[in-house]
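Undergrad: This is structure_19.txt (compact mmCIF, C-alpha atoms).
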# COMPACT_ATOMS: atom_id res chain seq x y z
CA MET P 825 16.28 -9.79 -1.28
CA LYS P 826 16.48 -8.88 2.38
CA ARG P 827 13.35 -9.84 4.29
CA VAL P 828 11.59 -7.44 6.62
CA GLU P 829 12.49 -8.22 10.22
CA ARG P 830 10.39 -7.72 13.33
CA SER P 831 12.82 -5.10 14.66
CA GLU P 832 11.96 -2.83 11.69
CA ILE P 833 8.24 -2.76 12.43
CA LEU P 834 6.80 -0.03 14.63
CA ASP P 835 3.62 -0.19 16.65
CA TYR P 836 0.83 1.52 14.73
CA ALA P 837 0.68 4.59 17.00
CA THR P 838 4.41 5.31 16.62
CA TYR P 839 4.17 4.56 12.89
CA GLU P 840 1.39 7.14 12.58
CA ASP P 841 3.81 9.87 13.75
CA GLY P 842 6.12 9.40 10.74
CA ARG P 843 3.61 7.90 8.31
CA GLU P 844 3.35 10.81 5.88
CA ASN P 845 7.12 11.05 5.35
CA PHE P 846 7.45 7.27 4.95
CA ARG P 847 4.47 7.20 2.58
CA ALA P 848 6.06 9.91 0.41
CA GLU P 849 9.30 7.90 0.29
CA VAL P 850 7.44 4.73 -0.71
CA ILE P 851 5.52 6.51 -3.48
CA LYS P 852 8.87 7.57 -4.98
CA ILE P 853 10.24 4.04 -4.65
CA LYS P 854 7.16 2.47 -6.25
CA ALA P 855 7.05 4.78 -9.27
CA PRO P 856 9.82 3.12 -11.32
CA ARG P 857 8.69 -0.32 -10.13
CA ARG P 858 5.22 0.09 -11.63
CA VAL P 859 4.90 -1.37 -15.14
CA HIS P 860 1.68 -1.04 -17.13
CA ILE P 861 1.05 -3.76 -19.69
CA GLY P 862 -1.64 -2.74 -22.13
CA ASP P 863 -4.88 -1.29 -20.83
CA TYR P 864 -5.64 -3.72 -18.02
CA PHE P 865 -2.53 -4.97 -16.24
CA THR P 866 -0.06 -3.37 -13.86
CA LEU P 867 2.93 -5.14 -12.36
CA LEU P 868 4.16 -3.58 -9.16
CA PHE P 869 7.60 -4.98 -8.35
CA GLU P 870 8.12 -5.25 -4.62
CA ASN P 871 11.21 -4.62 -2.57
CA HIS P 872 12.14 -4.44 1.09
CA THR P 873 10.74 -0.94 1.58
CA THR P 874 7.44 -1.52 -0.26
CA VAL P 875 6.81 -4.68 1.76
CA ARG P 876 7.68 -2.94 5.02
CA TYR P 877 5.21 -0.22 4.09
CA GLN P 878 2.47 -2.78 3.38
CA ILE P 879 3.06 -4.44 6.73
CA GLN P 880 2.93 -1.11 8.57
CA GLU P 881 -0.24 -0.09 6.74
CA MET P 882 -1.92 -3.41 7.57
CA LEU P 883 -1.03 -3.09 11.24
CA ARG P 884 -2.36 0.45 11.22
CA ALA P 885 -5.58 -0.32 9.35
CA GLU P 886 -6.39 -3.42 11.39
CA ARG P 887 -5.00 -2.03 14.67
CA ILE P 888 -2.92 -5.17 15.08
CA VAL P 889 -0.98 -5.31 18.36
CA ARG P 890 -0.64 -8.99 19.29
CA GLU P 891 2.88 -10.22 18.66
CA ALA P 892 1.74 -13.44 16.97
CA ASP P 893 -0.45 -11.43 14.59
CA ILE P 894 2.38 -9.00 13.80
CA LEU P 895 4.72 -11.91 13.05
CA HIS P 896 2.05 -13.46 10.82
CA GLU P 897 1.76 -10.23 8.80
CA ILE P 898 5.55 -10.03 8.43
CA GLU P 899 5.71 -13.64 7.24
CA THR P 900 2.80 -13.19 4.84
CA TYR P 901 4.11 -10.02 3.21
CA ASN P 902 7.70 -11.28 3.06
CA GLU P 903 6.36 -13.96 0.69
CA LEU P 904 6.01 -11.18 -1.91
CA LEU P 905 9.77 -10.78 -2.08
CA GLY P 906 11.77 -12.86 -4.49
CA LYS P 907 14.68 -15.05 -3.54
CA GLU P 908 18.17 -14.50 -4.89
CA GLY P 909 17.87 -13.74 -8.62
CA GLU P 910 14.07 -13.38 -8.49
CA LEU P 911 11.76 -10.41 -8.78
CA GLY P 912 8.57 -10.53 -6.74
CA CYS P 913 5.59 -8.50 -7.85
CA THR P 914 1.92 -7.87 -7.45
CA LEU P 915 -0.21 -8.02 -10.59
CA LEU P 916 -3.23 -5.75 -10.58
CA ILE P 917 -5.97 -6.43 -13.11
CA GLU P 918 -7.51 -2.99 -13.45
CA ILE P 919 -11.02 -3.04 -14.84
CA GLU P 920 -13.36 -0.81 -12.87
CA ASP P 921 -16.69 -1.90 -14.35
CA PRO P 922 -17.75 -5.20 -12.69
CA ALA P 923 -19.88 -6.06 -15.74
CA VAL P 924 -16.69 -6.07 -17.83
CA ARG P 925 -14.28 -7.26 -15.15
CA ASN P 926 -16.08 -10.43 -14.04
CA PRO P 927 -16.27 -12.08 -17.49
CA LYS P 928 -12.63 -11.12 -18.17
CA LEU P 929 -11.50 -12.72 -14.90
CA GLN P 930 -13.15 -15.94 -16.09
CA GLN P 931 -11.89 -15.63 -19.67
CA TRP P 932 -8.32 -14.90 -18.53
CA TRP P 933 -8.01 -17.99 -16.29
CA SER P 934 -4.62 -18.79 -17.87
CA LEU P 935 -3.28 -15.24 -17.45
CA PRO P 936 -0.64 -16.12 -14.82
CA GLU P 937 0.98 -18.56 -17.25
CA LYS P 938 0.75 -16.06 -20.10
CA LEU P 939 2.62 -13.18 -18.46
CA TYR P 940 6.33 -12.83 -19.04
CA LEU P 941 9.43 -10.73 -18.60
CA ARG P 942 11.72 -10.51 -21.62
CA LEU P 943 15.46 -10.57 -21.06
CA GLU P 944 17.98 -8.82 -23.29
CA ASP P 945 18.79 -12.06 -25.14
CA GLY P 946 15.08 -12.57 -25.97
CA THR P 947 14.43 -15.22 -23.32
CA LEU P 948 10.91 -15.08 -21.87
CA ILE P 949 10.69 -15.66 -18.13
CA ARG P 950 7.29 -16.90 -16.94
CA PRO P 951 6.23 -16.36 -13.34
CA THR P 952 5.48 -18.70 -10.52
CA PHE P 953 2.31 -17.64 -8.79
CA ASP P 954 0.01 -18.40 -5.92
CA GLU P 955 -2.68 -20.86 -7.09
CA ARG P 956 -4.90 -19.64 -4.23
CA GLN P 957 -5.49 -16.51 -6.31
CA ARG P 958 -7.53 -18.57 -8.77
CA GLY P 959 -10.72 -20.33 -7.92
CA ASP P 960 -14.41 -20.67 -8.60
CA GLY P 961 -13.72 -20.48 -12.32
CA ARG P 962 -12.13 -17.05 -12.18
CA LEU P 963 -8.98 -15.20 -11.27
CA SER P 964 -8.60 -12.81 -8.40
CA SER P 965 -8.01 -9.27 -9.69
CA VAL P 966 -4.82 -9.23 -7.58
CA GLN P 967 -2.12 -11.83 -8.19
CA TYR P 968 1.21 -12.39 -6.44
CA MET P 969 4.04 -13.59 -8.67
CA LYS P 970 7.75 -14.22 -8.81
CA PHE P 971 9.93 -14.12 -11.90
CA ASP P 972 13.21 -16.03 -11.66
CA THR P 973 15.36 -13.92 -13.96
CA MET P 974 18.50 -15.59 -12.59
CA GLY P 975 19.69 -12.12 -11.64
CA HIS P 976 19.25 -10.66 -15.13
CA VAL P 977 17.43 -7.36 -15.51
CA PRO P 978 14.45 -7.62 -17.86
CA ILE P 979 13.98 -5.23 -20.76
CA ALA P 980 10.22 -5.70 -21.25
CA ALA P 981 7.07 -7.14 -19.69
CA GLY P 982 4.24 -8.65 -21.64
CA VAL P 983 1.28 -10.95 -21.97
CA ASP P 984 0.45 -13.41 -24.71
CA LEU P 985 -3.13 -14.48 -24.14
CA PRO P 986 -4.89 -15.79 -27.26
CA ASP P 987 -7.10 -12.68 -27.44
CA LEU P 988 -4.61 -10.18 -26.04
CA GLN P 989 -0.94 -9.86 -26.89
CA THR P 990 0.98 -6.82 -25.80
CA GLU P 991 4.44 -5.97 -24.53
CA THR P 992 5.78 -2.93 -22.70
CA PRO P 993 9.47 -2.01 -22.95
CA LEU P 994 10.95 -1.09 -19.57
CA SER P 995 12.41 2.37 -19.26
CA GLY P 996 15.96 2.99 -18.09
CA ALA P 997 14.64 4.04 -14.67
CA GLN P 998 12.55 0.88 -14.40
CA ARG P 999 15.47 -1.36 -15.36
CA GLU P 1000 17.75 0.42 -12.87
CA ALA P 1001 15.20 0.03 -10.05
CA LEU P 1002 14.91 -3.71 -10.78
CA ARG P 1003 18.70 -4.03 -11.02
CA THR P 1004 18.91 -2.53 -7.53
CA ASP P 1005 16.37 -5.07 -6.26
CA LEU P 1006 18.19 -8.02 -7.77
Rewrite the structure from the file as structure tokens, please.
TA:
Amino acid sequence: MKRVERSEILDYATYEDGRENFRAEVIKIKAPRRVHIGDYFTLLFENHTTVRYQIQEMLRAERIVREADILHEIETYNELLGKEGELGCTLLIEIEDPAVRNPKLQQWWSLPEKLYLRLEDGTLIRPTFDERQRGDGRLSSVQYMKFDTMGHVPIAAGVDLPDLQTETPLSGAQREALRTDL
């Protein structure tokens, strides 16, 4: 997948002028790339535009203007994108109540290894993930992952934890969006 380049990034003041239109475009792009798995998990598959948006939003929110800092943000967010044949995504563990969330983040320590994408032939593709998102005996509620589908479009996403097994079939629109990204 094409990486975001420095020449595509606007200073935050200029970005602000067109932000609402760009934000509306990104919301449309994200919709078919958002996959809910059961009650707690959402995979948000990233692409060039979603990563560019995240970079612009970070520069805006943090008022980043130093060139070295801008380049650091570009490098950091480009890590979300998969290589050839891979799908990069952000996993959101969505449990609002901290009294419920905190024990689950400990209990689900092995969650990154238990997520999968199912290909049409039944093959399960497990993700690679950033180990820095796990520590102190618990997971972070946000995980960054890559699924090497070898260029194949998945038909479902699921989890097979001992206490939680669920799978979500991908819609035609979701599969087409991921096909475009591959």
Undergrad: Contacts of Phe865 of chain P at 10 Å or less, counting all atoms listed in the file, minus same-chain residues fewer than 3 places along, as a PyMOL selection string?
TA: chain P and resi 859-862+868+915-919+939+965-966+982-983
Undergrad: Would you work out the distance separating atom CA of Asp972 of chain P from atom CA of Leu911 of chain P, expressed in Å to one decimal?
TA: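 Going from atom CA of Asp972 of chain P over to atom CA of Leu911 of chain P, I get 6.5 Å.
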Undergrad: Here is a test: counting only C-alpha atoms, which residue of P:Leu895, P:Leu1006, P:Leu963, P:Val850 is nearest to Trp933 of chain P?
TA: P:Leu963
Undergrad: List as a list in words the protein and nucleic acid residues near Tyr877 of chain P, meaning an atom at most 8 Å away when all atoms listed in the file are counted, but skip any in the same chain fewer than 2 places from it.
TA: Phe846, Arg847, Val850, Thr873, Thr874, Val875, Ile879, Gln880 and Glu881 of chain P
Undergrad: Please indicate the distance in Å from atom CA of Pro986 of chain P to atom CA of Lys938 of chain P, rounded to one decimal place.
TA: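 So the two atoms, atom CA of Pro986 of chain P and atom CA of Lys938 of chain P, lie 9.1 Å apart.
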Undergrad: Find the residue from P:Leu943, P:Gly959, P:Arg876, P:Pro993 that sits nearest to Glu832 of chain P; use only C-alpha atoms when measuring.
TA: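 So, comparing all the options, the nearest one is P:Arg876.
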Undergrad: Residues within 7 Å of Ile949 of chain P, please, as a PDB file with C-alpha atoms, keeping the file's coordinate frame. Count all atoms listed in the file; anything in the same chain fewer than 3 positions from it doesn't count.
TA:
ATOM      1  CA  TYR P 940       6.330 -12.830 -19.040  1.00  0.00           C
ATOM      2  CA  LEU P 941       9.430 -10.730 -18.600  1.00  0.00           C
ATOM      3  CA  ARG P 942      11.720 -10.510 -21.620  1.00  0.00           C
ATOM      4  CA  PHE P 971       9.930 -14.120 -11.900  1.00  0.00           C
ATOM      5  CA  ASP P 972      13.210 -16.030 -11.660  1.00  0.00           C
ATOM      6  CA  THR P 973      15.360 -13.920 -13.960  1.00  0.00           C
TER       7      THR P 973
END
Undergrad: In Å, with one decimal, what is the gap from atom CA of Gly912 of chain P to atom CA of Asp960 of chain P?
TA: 25.2 Å
Undergrad: Excluding Ile888 of chain P and its own-chain neighbours fewer than 2 positions away, which residues fall within 12 Å of it when counting only C-alpha atoms? Please give them as a list in words.
TA: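 So, after excluding close chain neighbours, the residues are Ile833, Leu834, Asp835, Tyr836, Ala837, Ile879, Gln880, Glu881, Met882, Leu883, Arg884, Ala885, Glu886, Arg890, Glu891, Ala892, Asp893, Ile894, Leu895, His896, Glu897 and Ile898 of chain P.
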